[in-house]
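Enquirer: File name target.txt; file contents compact mmCIF, C-alpha atoms; full text below.
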# COMPACT_ATOMS: atom_id res chain seq x y z
CA MET A 1 169.96 151.93 91.24
CA ASN A 2 168.60 154.83 89.24
CA LEU A 3 165.76 156.32 91.32
CA LEU A 4 164.28 158.12 88.34
CA LEU A 5 164.09 155.18 85.96
CA ASP A 6 164.28 151.92 87.93
CA PRO A 7 161.38 150.53 89.96
CA TRP A 8 161.53 151.52 93.62
CA PRO A 9 162.20 148.98 96.37
CA TRP A 10 159.75 148.93 99.28
CA TYR A 11 162.04 151.01 101.48
CA ILE A 12 161.71 153.94 99.06
CA GLY A 13 158.02 153.42 98.20
CA GLY A 14 156.81 153.12 101.81
CA PRO A 15 158.51 156.31 103.04
CA ALA A 16 157.31 158.15 99.90
CA ILE A 17 153.72 157.29 100.88
CA ALA A 18 154.46 158.61 104.39
CA VAL A 19 155.64 161.86 102.77
CA VAL A 20 152.29 162.11 100.95
CA LEU A 21 150.50 161.56 104.29
CA PHE A 22 152.72 164.22 105.91
CA LEU A 23 152.04 166.76 103.15
CA LEU A 24 148.26 166.20 103.27
CA LEU A 25 148.07 166.44 107.08
CA PHE A 26 150.14 169.63 107.06
CA SER A 27 147.82 170.99 104.34
CA GLU A 28 144.95 170.43 106.81
CA LYS A 29 143.58 167.56 104.71
CA ARG A 30 143.23 163.80 105.02
CA PHE A 31 144.81 160.98 103.05
CA GLY A 32 141.72 159.32 101.61
CA MET A 33 141.17 158.39 98.00
CA SER A 34 137.76 156.68 98.05
CA THR A 35 135.88 159.77 99.28
CA ASN A 36 136.23 161.11 95.74
CA LEU A 37 133.82 158.42 94.52
CA LYS A 38 131.20 159.80 96.92
CA THR A 39 132.00 163.37 95.88
CA LEU A 40 131.44 162.42 92.23
CA CYS A 41 128.03 160.94 93.15
CA SER A 42 127.14 164.19 94.91
CA ILE A 43 128.24 166.28 91.93
CA ALA A 44 126.08 164.12 89.67
CA GLY A 45 123.08 165.09 91.83
CA ALA A 46 122.66 161.92 93.92
CA GLY A 47 121.99 164.09 96.97
CA LYS A 48 118.53 165.03 95.68
CA LYS A 49 117.24 161.50 96.19
CA ILE A 50 119.65 160.03 98.76
CA PRO A 51 120.52 161.95 101.94
CA PHE A 52 123.93 160.20 102.15
CA PHE A 53 125.07 162.26 99.15
CA ALA A 54 123.49 165.54 100.25
CA GLY A 55 125.54 168.31 101.78
CA ASP A 56 128.25 170.51 100.46
CA TRP A 57 130.49 168.54 98.11
CA LYS A 58 132.52 171.68 97.46
CA ALA A 59 134.30 171.03 100.76
CA ASN A 60 135.77 167.91 99.12
CA ARG A 61 136.92 169.55 95.89
CA TRP A 62 140.52 169.40 97.10
CA GLY A 63 140.31 165.58 96.96
CA LEU A 64 139.38 165.67 93.29
CA ILE A 65 142.40 167.92 92.65
CA VAL A 66 144.61 165.33 94.42
CA ALA A 67 143.04 162.58 92.27
CA LEU A 68 143.66 164.63 89.13
CA GLY A 69 147.27 165.03 90.27
CA ALA A 70 147.45 161.27 90.89
CA ALA A 71 146.37 160.58 87.30
CA THR A 72 148.93 163.13 86.08
CA GLY A 73 151.59 161.45 88.21
CA GLY A 74 150.62 158.11 86.66
CA PHE A 75 151.01 159.60 83.20
CA ILE A 76 154.40 161.12 84.04
CA ALA A 77 155.71 157.90 85.62
CA ALA A 78 154.48 155.65 82.80
CA ASN A 79 155.90 157.86 80.05
CA PHE A 80 159.01 159.53 81.43
CA LEU A 81 160.14 157.77 84.60
CA THR A 82 160.66 154.20 83.43
CA ASN A 83 163.18 152.14 81.52
CA GLY A 84 160.61 149.42 80.96
CA SER A 85 161.97 147.15 83.66
CA VAL A 86 159.82 145.87 86.52
CA GLY A 87 160.72 144.54 89.95
CA LEU A 88 161.30 140.87 90.63
CA ILE A 89 158.06 138.89 90.98
CA ASN A 90 158.18 135.59 92.87
CA GLN A 91 158.94 132.80 90.35
CA GLU A 92 156.24 130.49 91.74
CA VAL A 93 153.71 133.28 91.21
CA VAL A 94 154.95 133.80 87.64
CA ARG A 95 154.57 130.10 86.84
CA GLU A 96 151.17 129.84 88.49
CA LEU A 97 149.84 132.89 86.64
CA ASN A 98 151.18 131.61 83.32
CA GLN A 99 149.26 128.38 83.88
CA MET A 100 146.13 130.42 84.53
CA GLY A 101 146.65 132.26 81.24
CA ILE A 102 147.87 135.51 82.79
CA ALA A 103 151.18 136.32 81.11
CA GLY A 104 153.60 139.15 81.78
CA ALA A 105 154.44 138.67 85.46
CA GLY A 106 158.02 139.81 86.00
CA SER A 107 158.25 141.48 82.57
CA ASP A 108 155.23 143.81 82.29
CA PHE A 109 153.81 146.31 84.76
CA MET A 110 150.25 145.02 84.28
CA PRO A 111 148.75 141.85 82.75
CA ALA A 112 147.68 142.65 79.19
CA ALA A 113 144.99 139.96 79.42
CA LEU A 114 143.13 142.13 81.94
CA PHE A 115 144.31 145.69 81.31
CA GLY A 116 145.49 145.81 77.71
CA ASN A 117 143.19 147.89 75.51
CA ASN A 118 141.95 144.66 73.88
CA ALA A 119 140.42 143.74 77.23
CA LEU A 120 137.76 146.36 76.50
CA LEU A 121 136.46 144.15 73.68
CA GLN A 122 136.10 141.01 75.77
CA PRO A 123 132.76 140.65 77.55
CA LYS A 124 134.14 138.30 80.22
CA ILE A 125 136.97 140.66 81.18
CA LEU A 126 134.62 143.66 81.12
CA LEU A 127 132.31 141.81 83.47
CA LEU A 128 135.17 141.06 85.87
CA LEU A 129 136.34 144.69 85.83
CA ALA A 130 132.78 145.93 86.38
CA LEU A 131 132.21 143.50 89.24
CA GLY A 132 135.54 144.42 90.83
CA GLY A 133 134.81 148.13 90.49
CA PHE A 134 131.37 147.75 92.04
CA LEU A 135 132.79 145.84 95.02
CA ILE A 136 135.49 148.50 95.49
CA GLY A 137 133.01 151.37 95.44
CA PHE A 138 130.41 149.68 97.64
CA GLY A 139 132.94 148.22 100.08
CA THR A 140 135.10 151.28 100.60
CA ARG A 141 132.14 153.51 101.40
CA TYR A 142 130.58 150.88 103.67
CA ALA A 143 133.93 150.48 105.46
CA GLY A 144 134.40 154.25 105.59
CA GLY A 145 137.73 154.23 103.77
CA CYS A 146 140.16 152.29 101.63
CA THR A 147 143.85 151.49 101.77
CA SER A 148 144.81 155.15 102.13
CA GLY A 149 142.10 156.19 104.60
CA HIS A 150 142.14 153.11 106.84
CA ALA A 151 145.39 151.17 106.28
CA ILE A 152 147.69 154.22 106.09
CA SER A 153 146.02 157.19 107.83
CA GLY A 154 143.80 155.22 110.22
CA LEU A 155 146.48 152.81 111.41
CA SER A 156 148.93 155.72 111.69
CA ASP A 157 146.43 157.36 114.07
CA LEU A 158 146.09 154.02 115.96
CA GLN A 159 142.35 153.85 115.21
CA TRP A 160 140.71 150.53 116.12
CA PRO A 161 138.05 150.71 113.38
CA SER A 162 140.88 151.00 110.86
CA LEU A 163 142.54 147.84 112.15
CA ILE A 164 139.18 146.06 111.85
CA ALA A 165 138.83 147.42 108.31
CA VAL A 166 142.31 146.20 107.32
CA ILE A 167 141.46 142.75 108.70
CA GLY A 168 138.30 142.93 106.56
CA PHE A 169 140.37 143.91 103.48
CA PHE A 170 142.47 140.79 103.94
CA ILE A 171 139.52 138.48 104.64
CA GLY A 172 137.92 139.57 101.34
CA GLY A 173 141.21 139.77 99.45
CA LEU A 174 142.49 136.36 100.52
CA PHE A 175 139.12 134.76 99.76
CA MET A 176 139.06 136.26 96.26
CA ASN A 177 142.71 135.49 95.56
CA HIS A 178 142.69 131.87 96.71
CA PHE A 179 139.14 130.61 96.20
CA ILE A 180 137.41 132.70 93.50
CA LEU A 181 140.06 134.15 91.19
CA PRO A 182 141.40 130.73 90.05
CA TYR A 183 137.92 129.99 88.64
CA LEU A 184 137.34 133.42 87.16
CA LEU A 185 140.54 133.77 85.14
CA MET B 1 144.98 179.09 94.01
CA LYS B 2 148.26 178.32 95.78
CA ARG B 3 146.47 175.61 97.73
CA VAL B 4 145.02 174.07 94.57
CA LEU B 5 148.52 173.84 93.14
CA LEU B 6 149.75 172.25 96.39
CA TYR B 7 147.02 169.56 96.29
CA PHE B 8 147.77 168.91 92.63
CA LEU B 9 151.50 168.49 93.32
CA ILE B 10 150.80 166.16 96.26
CA GLY B 11 148.62 164.12 93.90
CA ILE B 12 151.45 163.95 91.35
CA LEU B 13 153.85 162.70 94.02
CA PHE B 14 151.28 160.09 95.07
CA GLY B 15 150.74 158.96 91.47
CA ILE B 16 154.46 158.65 90.78
CA THR B 17 154.90 156.75 94.05
CA MET B 18 152.12 154.27 93.20
CA MET B 19 153.74 153.56 89.81
CA LYS B 20 157.40 153.52 90.84
CA SER B 21 156.82 151.38 93.94
CA GLU B 22 154.53 149.11 91.87
CA ALA B 23 151.81 149.34 94.54
CA ALA B 24 149.47 149.96 91.59
CA SER B 25 150.52 146.73 89.86
CA TRP B 26 147.99 143.91 89.67
CA PHE B 27 150.89 141.43 89.84
CA ARG B 28 152.11 142.92 93.13
CA ILE B 29 148.65 142.71 94.73
CA TYR B 30 148.26 139.11 93.54
CA GLU B 31 151.69 138.26 94.98
CA MET B 32 150.81 139.99 98.25
CA PHE B 33 147.64 137.93 98.76
CA GLN B 34 149.68 134.80 97.99
CA PHE B 35 152.11 135.79 100.79
CA LYS B 36 154.95 135.18 98.35
CA SER B 37 156.71 138.50 98.50
CA PHE B 38 157.64 140.98 101.19
CA HIS B 39 157.37 143.94 98.79
CA MET B 40 153.81 145.17 99.52
CA TYR B 41 154.08 144.39 103.23
CA GLY B 42 157.32 146.39 103.32
CA ILE B 43 155.67 149.35 101.60
CA ILE B 44 152.57 149.41 103.82
CA GLY B 45 154.61 148.59 106.95
CA ALA B 46 157.16 151.34 106.35
CA ALA B 47 154.42 153.86 105.48
CA VAL B 48 152.46 153.03 108.65
CA CYS B 49 155.53 153.08 110.95
CA LEU B 50 156.51 156.53 109.69
CA GLY B 51 152.84 157.54 109.67
CA VAL B 52 152.49 156.66 113.36
CA LEU B 53 155.55 158.78 114.09
CA ILE B 54 154.21 161.74 112.08
CA THR B 55 150.71 161.49 113.59
CA GLN B 56 151.93 161.12 117.17
CA LEU B 57 154.36 164.05 116.81
CA ILE B 58 151.54 166.22 115.46
CA LYS B 59 149.33 165.30 118.43
CA ARG B 60 151.96 165.49 121.17
CA TYR B 61 153.52 168.78 120.09
CA LYS B 62 150.29 170.26 118.65
CA LEU B 63 152.18 170.98 115.44
CA ARG B 64 150.79 173.62 113.13
CA SER B 65 149.98 173.22 109.45
CA PHE B 66 151.75 174.97 106.54
CA PHE B 67 149.07 177.64 106.91
CA GLY B 68 149.61 178.13 110.65
CA GLU B 69 146.46 176.36 111.86
CA GLU B 70 146.30 173.58 114.43
CA ILE B 71 146.10 170.17 112.75
CA HIS B 72 142.94 168.21 113.56
CA ILE B 73 142.85 164.52 112.78
CA ALA B 74 139.24 163.33 112.91
CA PRO B 75 138.87 159.93 114.60
CA LYS B 76 137.13 157.16 112.63
CA PRO B 77 133.57 156.35 113.81
CA LYS B 78 133.68 153.61 116.47
CA LEU B 79 132.04 150.86 114.44
CA VAL B 80 132.75 147.15 114.05
CA SER B 81 130.35 145.65 111.49
CA ALA B 82 130.79 148.38 108.88
CA PRO B 83 134.59 148.29 108.66
CA LEU B 84 134.62 144.50 108.84
CA ILE B 85 131.87 143.72 106.29
CA GLY B 86 132.56 146.74 104.09
CA GLY B 87 136.28 146.03 104.31
CA ALA B 88 135.78 142.43 103.19
CA ILE B 89 133.62 143.55 100.24
CA PHE B 90 136.32 146.03 99.20
CA GLY B 91 138.96 143.31 99.68
CA LEU B 92 137.15 141.11 97.14
CA GLY B 93 137.29 143.92 94.59
CA TRP B 94 140.88 144.83 95.44
CA ALA B 95 142.12 141.28 94.87
CA LEU B 96 140.08 140.97 91.66
CA THR B 97 141.15 144.20 89.95
CA GLY B 98 144.43 144.70 91.81
CA ALA B 99 143.43 148.31 92.37
CA CYS B 100 142.30 150.34 95.33
CA PRO B 101 140.69 153.73 94.63
CA GLY B 102 143.99 155.69 94.51
CA PRO B 103 145.65 153.44 91.93
CA ILE B 104 142.46 153.51 89.80
CA TYR B 105 143.08 157.22 89.08
CA VAL B 106 146.82 156.66 88.71
CA LEU B 107 146.45 153.78 86.24
CA ILE B 108 143.92 155.65 84.10
CA GLY B 109 146.48 158.45 83.83
CA ALA B 110 149.14 155.87 82.98
CA GLY B 111 147.01 154.82 80.01
CA TYR B 112 145.44 151.56 81.22
CA LEU B 113 142.01 152.40 79.86
CA PRO B 114 140.11 149.33 81.16
CA LEU B 115 140.45 150.94 84.59
CA LEU B 116 137.83 153.45 83.37
CA VAL B 117 135.32 150.58 83.58
CA VAL B 118 136.48 149.86 87.12
CA MET B 119 136.06 153.53 88.05
CA VAL B 120 132.58 153.91 86.55
CA PHE B 121 131.38 150.84 88.43
CA ALA B 122 133.15 151.95 91.61
CA ILE B 123 131.09 155.16 91.45
CA LEU B 124 127.98 153.04 90.85
CA GLY B 125 128.90 150.82 93.82
CA THR B 126 129.31 153.89 96.02
CA TYR B 127 125.91 155.13 94.83
CA CYS B 128 124.27 151.79 95.67
CA TYR B 129 125.84 151.82 99.13
CA GLY B 130 124.38 155.27 99.79
CA TRP B 131 121.01 154.02 98.58
CA ILE B 132 120.74 150.92 100.84
CA LYS B 133 122.82 152.29 103.73
CA PRO B 134 119.80 152.62 106.08
CA ARG B 135 119.11 148.88 105.74
CA LEU B 136 122.68 147.68 106.38
CA PRO B 137 124.22 146.77 109.75
CA HIS B 138 126.86 149.23 110.89
Would you give me this structure, written as structure tokens?
Expert:
Amino acid sequence: MNLLLDPWPWYIGGPAIAVVLFLLLFSEKRFGMSTNLKTLCSIAGAGKKIPFFAGDWKANRWGLIVALGAATGGFIAANFLTNGSVGLINQEVVRELNQMGIAGAGSDFMPAALFGNNALLQPKILLLLALGGFLIGFGTRYAGGCTSGHAISGLSDLQWPSLIAVIGFFIGGLFMNHFILPYLL
Amino acid sequence: MKRVLLYFLIGILFGITMMKSEAASWFRIYEMFQFKSFHMYGIIGAAVCLGVLITQLIKRYKLRSFFGEEIHIAPKPKLVSAPLIGGAIFGLGWALTGACPGPIYVLIGAGYLPLLVVMVFAILGTYCYGWIKPRLPH
């Protein structure tokens, strides 16, 4: 296995996320990615009308720097740290997705039908992406965190609300995956 | 300035990790919610197990940060409805787009431009939450 070019197995990826958590905690910060969405609202001036966005967003500037780094990391990984191969996807899943018109499982990193640049020209796909984005933004702030804030940092700190949130993530996720997505795609 | 560079480098490590581990892949999230692969459960499970160890060591031994300060980990507000309902709403979006907020930034950097739409509407969703927050159960 070539760690630089091949996809990582879970036992490399999981510990790497723990290293990110370690580095943020020892930098006196939190591991939380969705707070940036709130910070961006505050920067845009939402605090003038809505108290939730008032207050000093400058205290959360570090999070935006982390997000900027994350995008840079995505660019580096997609352009320099890949040989084009992807990890093994379950064959049943591949077949099922092909039947639903979603090609590329097991050969591409992302489905072109949803995330290829042509998707930007298709009203139906745009609508799905917009709906999904809205639910992510609304839900994460309502829940007080996302996968990084609740599932990783919160569970690591043995916080009950985070366990409840993760159960919520799976209630919503399983419902979408099994009962709604088959009709949307 | 040194700190800004540190945060940026941590972000880069996070971005590379999301791509290389395929946690940012729509296919992986789909597979996870189908319970047909151990991959995502392994990633989250390993991260949380090590995370518990790190967090408990910090608390027990009152470990100090890189800058010599005591590390404070703020507890989450003791709520039930908000994490449950909000979590389920986020879960719907996560399973639909295959992205949680972190991977949104990562994938935009990786060149998957449709994620820009997801991000703009995620900001809008956050805005709407702030707007009707007083009328929601928490």
Enquirer: Using all atoms listed in the file, which protein or nucleic acid residues come within 12 Å of A:Ala59? Drop anything in the same chain fewer than 4 positions from it, and give the result as a VMD selection string.
Expert: chain A and resid 29 35 to 36 39 42 to 43 55 63 to 65
Enquirer: Would you please work out which residue, of B:Ile132, B:Ile104, B:Leu124, B:Leu50, is nearest to A:Ala44 when using all atoms listed in the file?
Expert: B:Leu124
Enquirer: Extract, using only C-alpha atoms, all DNA, RNA and protein residues at most 8 Å from B:Leu79, discarding same-chain residues fewer than 2 positions from it, and format them as a list in words.
Expert: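 Close residues of B:Leu79: Pro161 of chain A; Pro77, Ser81, Ala82, Pro83 and His138 of chain B.
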Enquirer: When you count all atoms listed in the file, which of these residues is closest to B:Ser37: A:Leu88, A:Ala151, A:Leu120, A:Leu4?
Expert: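 Once distances to B:Ser37 are computed over all atoms listed in the file, the minimum belongs to A:Leu88.
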Enquirer: So the first atom is atom CA of A:Arg30 and the second is atom CA of A:Lys58; what is the distance between them in Å, to one decimal place?
Expert: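 Computing it gives 15.3 Å between the two atoms.
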Enquirer: Please determine, counting all atoms listed in the file, which residue among B:Met18, B:Ala110, B:Ala23, B:Ile58 has the shortest atom-to-atom distance to chain A.
Expert: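 Closest residue, counting all atoms listed in the file: B:Ala110.
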Enquirer: Please list as a ChimeraX atom specification every residue within 8 Å of B:Lys76, counting only C-alpha atoms and excluding residues in the same chain fewer than 6 positions away.
Expert: /A:154,159,161-162
Enquirer: Can you list, as a count of residues only, every protein, DNA or RNA residue that comes within 10 Å of A:Asp6 when you count only C-alpha atoms, leaving out same-chain residues fewer than 4 positions away?
Expert: 11
Enquirer: Calculate how many Å separate atom CA of A:Leu158 from atom CA of B:Gly51, rounding to one decimal.
Expert: 9.9 Å
Enquirer: Using all atoms listed in the file, which residue out of B:Gly15, B:Leu57, B:Met1, B:Tyr41 lies closest to chain A?
Expert: B:Gly15
Enquirer: Counting only C-alpha atoms, which residue out of A:Gln99, A:Trp8, A:Leu24, A:Ala71 sits closest to B:Ile54?
Expert: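 Comparing A:Gln99, A:Trp8, A:Leu24, A:Ala71 against B:Ile54, the winner is A:Leu24.
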Enquirer: Using only C-alpha atoms, which of the listed residues (A:Cys41, A:Gly145, A:Ala46, A:Leu114) sits closest to A:Ala130?
Expert: A:Leu114
